[in-house]
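Here is the structure we will look at, set down as structure tokens.
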Amino acid sequence: MSQIKNAENGQEKLLIDVGSTYFKLSTNNSIEQHFRDFNKSIIDDLTHKCGQSIERFDKKDIHICSSANGGLSTLIIGVTHSFSLKYATNIAFNSGINIIDTVLFQNIETYSVPSDLIDVVIITGGINSNADNFSDDLFRYLEKLNYSNIVYVGSESDAPIIKDNINDVVVLPNIIDDRLHIVEDDLKEYLTNLYQQDIEGKEDIKDLYDITDNQIFSTPYVVNKALPFIGSKYSVVNPFVLLDIGGATTDIHYSKDLVDENIVTENEYDRLVFKKLGVYKSKQSLIFVAKNNEFVYELLMHLKVTENIFEEQSEKATKILMQLAIFLVLCKISHYKKAYVNLKLLSVNSFVLTGGITKVLTVEEIEDIISFFYKKIMNSDHNPATVLDSNYDIWTLGAKGKAACQ
Amino acid sequence: MKVVTGVVGNDIHVVANRLIDLSLQARGFEVFNLGVNTYLEEFFDAVIETGAEVLLISSLNGEAEGWGREVQLLKAKYKKLDDVIMMIGGNLVVGTGNADDIIPRYKGYGFDIVCHQVDLNTGLDSLEVMIKERQLAVGKN
Ligand code: B12
């Protein structure tokens with residue numbers, strides 16, 4: 001908290017968020033939002049629409065975060081859920097990696113090989129004195145996999161065989177120490193650097209370094225860092241789930257109490273990203289997921305529309321899509337559709353919504369969907385409170401905190 | 001030799017756990033102590049990550065039975081646990097109970113050594129006996 005206060009007292013900062021659909025700019029006393037013009041580069045569009053605000057600030061006082069670059073994807077191969085996979089997943093989350101898949105090595109032959117290019121494969125398993133954690137099955141799987149980077153952070157004893165069999169593998173110190181505790185630093189630094197290189201590699205984002213001297217962070221990372229302080233802006237009752245439904249992806253952040261895990265890290269809140277679940281850029285894939293959900297027709301009926309709404313381009317259609325997105329995300333984190341986590345949704349006390357959705361839906365429209373979900377999927381009358389972050393206070397809080405740290 | 005130990009389930013009785021850690025070390029074992037409040041999956045996972053030869057589970061508060069029944073089912077999901085010596089001790093039922101019933105039952109759950117209300121040193125002696133027997137059996141010595 002003190003970091004955020006310091007920022008407020010110090011030099012005024014300009015905070016910019018570049019999303020796949022909108023820009024947001026925030027200063028001490030104003031927030032502006034603009035639809036992006038996809039015919040222009042990000043920097044041209046930004047300077048065209050907000051040039052005056054930007055000019056008022058020194059490069060060192062401008063802080064930018066972005067979710068427009070889509071973020072990085074990782075596939076983690078580990079030997080157990082409780083240690084190697086859990087530790088690596090946690091480190092990846094905390095390094096700003098967006099999309100995380102895991103493979104339990106002993107069953108590797110039962111996993112399908114993802115067709116998308118994976119930005120970084122992480123292999124881990126075993127304490128240093130434990131050898132032979134992997135076999136040729138690993139190398140056979142990797143041959144079929146399409147990836148850009150690969151890093152090994154498992155047992156030292158297996159490092160030679162890994163190096164001999166995997167081209168260009170980066171070997172870093174084990175993330176599990178001899179007491180089975182997590183060691184975060186080396187992998188975190190490696191992944192954070194990859195993330196940074198990814199941003200710099202994307203011409204559009206790279207140009208933004210013309211207006212800032214500060215590191216560009218991923219938006220979900222910034223939002224996550226704000227959550228411990230959310231109480232200073234809203235009366236949110238823990239445990240809570242925050243949904244950030246955007247144009248291309250949907251991010252959820254949730255209190256650790258909602259999962260049965262007892263890993264010791266600094267973070268109180270975990271996060272999860274659903275790629276291709278958004279209401280503008282990912283609209284088609286959202287509709288595809290919706291059509292495959294057996295409850296969606298009932299939901300459309302409940303909302304008094306038919307599936308023809310998917311073909312429409314209207315304000316009403318956008319509202320319905322947003323409502324569907326909420327429902328589908330809740331399904332994904334419930335026992336009904338097992339994703340990376342199943343949250344204890346009956347223990348949730350508040351849902352916080354942020355992002356473009358807050359400009360389109362009212363609290364009542366959101367509550368309607370949440371209670372439909374609880375009735376249909378959870379068979380329950382549970383009724384958590386709904387909080388709308390309609391002025392992007394959470395992002396501002398996170399961005400200010402980050403700005404103060406730099 | 002590596003041993004994974006801890007107290008299973010929601011059990012917070014920690015004193016025996018500390019003593020077990022110390023006694024095992026004194027006997028030359030390399031100990032991975034998961035402490036109190038440890039779930040079965042974490043025990044098995046710790047054995048995989050460390051390559052431990054022995055899994056020694058304690059239970060004091062009366063939860064053992066419920067976890068015991070889960071052992072076979074969960075263990076069947078792992079491919080590398082077959083040669084691990086599985087041992088359990090402490091208060092294995094609610095109340096006193098009769099060792100003649102308890103021991104065969106827990107062996108049926110998949111434990112090789114069962115020590116219901118047995119003194120720690122006696123229990124660890126039988127562990128060492130079993131280790132010797134197994135080493136002889138595979139001709140290692
Ligand atoms: C201290 C104590 C507590 C403290 C624990 C503090 C702490 N963090 O450790 C507190 C007050 C918190 C507590 C709470 C409870 N306790 Co209590 N507790 C005891 C008490 C009095 C002493 C335990 C102790 O530390 N003994 C000293 C150690 C060294 O001995 P030990 O634990 O028996 O272990 C020895 C052997 O069993 C053996 N051993 C242990 N594990 C293994 C494993 C192997 C492989 C081998 C070979 C040997 C072995 O080695 C040790 C040394 O010889 C016992 C009664 C008693 N006199 O034993 C009850 C007792 C264990 N508790 C009991 C109960 C029921 C509870 C509660 C459920 C009470 C309640 N209703 O809330 C809660 C449960 C909390 C929880 N979630 O686990 C019962 C268990 C009954 C049962 N199994 O049928 C006991 C036996 C009391 C009784 N007679 O009813 N308890």
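Each chain of the structure tokens is named A, B, ... in the order shown, its residues numbered from 1; ligands are numbered from 1 in display order.
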Residues of stretch 93-138 of chain B in strand (DSSP E) according to DSSP, as number ranges by chain? B: 113-116
Just the selected residues (C-alpha atoms), exported as a compact mmCIF listing (two decimals), in the first residue's frame, please.
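In the end it all went to selection-v5.txt:
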# COMPACT_ATOMS: atom_id res chain seq x y z
CA ILE B 113 4.42 -52.27 7.78
CA VAL B 114 1.59 -51.31 10.12
CA CYS B 115 2.33 -49.95 13.64
CA HIS B 116 -0.80 -49.21 15.61
Neighbours of chain A in chain B at 6 Å, counting only C-alpha atoms, as a VMD selection string: chain B and resid 42 45 49 to 51
Since we have the selection now, will you write its residues out, keeping N, CA and C atoms, as a JSON list (two decimals), in the first residue's frame?
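Saved to again-v6.json:
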[["chain", "number", "residue", "atom", "x", "y", "z"],
["B", 42, "GLU", "N", 0.14, -35.82, -2.17],
["B", 42, "GLU", "CA", 1.41, -35.13, -1.92],
["B", 42, "GLU", "C", 2.49, -36.12, -1.46],
["B", 45, "ASP", "N", 3.51, -38.01, -4.57],
["B", 45, "ASP", "CA", 4.25, -37.11, -5.45],
["B", 45, "ASP", "C", 5.66, -36.84, -4.91],
["B", 49, "GLU", "N", 9.25, -37.33, -6.78],
["B", 49, "GLU", "CA", 10.23, -36.24, -6.99],
["B", 49, "GLU", "C", 11.58, -36.54, -6.33],
["B", 50, "THR", "N", 11.56, -37.24, -5.21],
["B", 50, "THR", "CA", 12.81, -37.47, -4.47],
["B", 50, "THR", "C", 13.45, -38.80, -4.84],
["B", 51, "GLY", "N", 12.66, -39.72, -5.37],
["B", 51, "GLY", "CA", 13.16, -41.08, -5.60],
["B", 51, "GLY", "C", 13.30, -41.84, -4.29]]
When the cut-off is 10 Å and you count only C-alpha atoms and all ligand atoms, which residues lie near ligand 1, shown as number ranges by chain? B: 5-20, 23, 36-37, 55-64, 86-97, 113-127
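The protein and nucleic acid residues lying at most 12 Å from B:Leu73 are Leu40, Glu41, Trp67, Gly68, Arg69, Glu70, Ala76, Lys77, Tyr78, Tyr109 and Gly110 of chain B, with only C-alpha atoms considered and sequence neighbours fewer than 3 positions away removed.
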With only C-alpha atoms as the counted atoms, please give the residues lying no more than 7 Å from stretch 59-61 of chain A, apart from itself and same-chain residues fewer than 5 positions off, as number ranges by chain. A: 13-14, 211-214
Step one, run DSSP on the backbone; step two, keep only residues of stretch 141-206 of chain A assigned to helix (DSSP H, G or I); then write them as a PyMOL selection string. chain A and resi 141-144+156-165+185-201+203-206
Output for the residues just chosen: C-alpha atoms as a PDB file, in the first residue's frame:
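Result file is part.pdb:
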ATOM      1  CA  TYR A 141       6.888 -36.094 -27.752  1.00  0.00           C
ATOM      2  CA  LEU A 142       9.105 -33.051 -28.222  1.00  0.00           C
ATOM      3  CA  GLU A 143       9.902 -34.088 -31.784  1.00  0.00           C
ATOM      4  CA  LYS A 144       6.238 -33.693 -32.653  1.00  0.00           C
ATOM      5  CA  GLU A 156      20.783 -31.751 -12.081  1.00  0.00           C
ATOM      6  CA  SER A 157      21.368 -35.461 -12.459  1.00  0.00           C
ATOM      7  CA  ASP A 158      19.231 -35.566 -15.586  1.00  0.00           C
ATOM      8  CA  ALA A 159      20.657 -32.398 -17.150  1.00  0.00           C
ATOM      9  CA  PRO A 160      23.340 -34.192 -19.250  1.00  0.00           C
ATOM     10  CA  ILE A 161      20.867 -36.529 -20.923  1.00  0.00           C
ATOM     11  CA  ILE A 162      18.483 -33.645 -21.532  1.00  0.00           C
ATOM     12  CA  LYS A 163      21.256 -31.590 -23.146  1.00  0.00           C
ATOM     13  CA  ASP A 164      22.320 -34.511 -25.315  1.00  0.00           C
ATOM     14  CA  ASN A 165      18.840 -35.106 -26.632  1.00  0.00           C
ATOM     15  CA  ASP A 185      14.416 -16.772  -9.258  1.00  0.00           C
ATOM     16  CA  ASP A 186      16.231 -18.212 -12.273  1.00  0.00           C
ATOM     17  CA  LEU A 187      13.204 -19.473 -14.156  1.00  0.00           C
ATOM     18  CA  LYS A 188      11.302 -16.306 -13.352  1.00  0.00           C
ATOM     19  CA  GLU A 189      14.059 -14.141 -14.713  1.00  0.00           C
ATOM     20  CA  TYR A 190      14.316 -16.271 -17.857  1.00  0.00           C
ATOM     21  CA  LEU A 191      10.566 -16.125 -18.519  1.00  0.00           C
ATOM     22  CA  THR A 192      10.286 -12.427 -17.771  1.00  0.00           C
ATOM     23  CA  ASN A 193      13.067 -11.790 -20.281  1.00  0.00           C
ATOM     24  CA  LEU A 194      11.326 -13.894 -22.896  1.00  0.00           C
ATOM     25  CA  TYR A 195       8.191 -11.903 -22.314  1.00  0.00           C
ATOM     26  CA  GLN A 196      10.119  -8.690 -22.751  1.00  0.00           C
ATOM     27  CA  GLN A 197      11.762  -9.935 -25.935  1.00  0.00           C
ATOM     28  CA  ASP A 198       8.353 -10.938 -27.224  1.00  0.00           C
ATOM     29  CA  ILE A 199       7.053  -7.423 -26.711  1.00  0.00           C
ATOM     30  CA  GLU A 200      10.121  -5.910 -28.279  1.00  0.00           C
ATOM     31  CA  GLY A 201       9.813  -8.294 -31.200  1.00  0.00           C
ATOM     32  CA  GLU A 203       6.934  -3.997 -34.020  1.00  0.00           C
ATOM     33  CA  ASP A 204       3.735  -2.354 -32.933  1.00  0.00           C
ATOM     34  CA  ILE A 205       4.471  -2.593 -29.244  1.00  0.00           C
ATOM     35  CA  LYS A 206       8.168  -1.908 -29.621  1.00  0.00           C
TER      36      LYS A 206
END
Identify which of the residues B:Glu30, B:Val129, B:Glu65, B:Lys80 lies closest to B:Ile103, counting only C-alpha atoms when measuring atom-to-atom distances. B:Glu65
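Atom CA of A:Ser390 is positioned 16.6 Å from atom CA of A:Ile252.
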Can you tell me which residues surround A:Tyr374 at a distance of at most 10 Å, considering only C-alpha atoms, apart from same-chain residues fewer than 6 positions away, and format the answer as number ranges by chain? A: 327, 330-331, 345-346, 380-384
Report as a PyMOL selection string all protein, DNA and RNA residues lying within 10 Å of stretch 357-367 of chain A, evaluated on only C-alpha atoms, omitting residues in the same chain fewer than 2 positions from it. chain A and resi 243-247+279+303+315-316+318-320+322-323+325-327+351+353-355+369-373+383-392
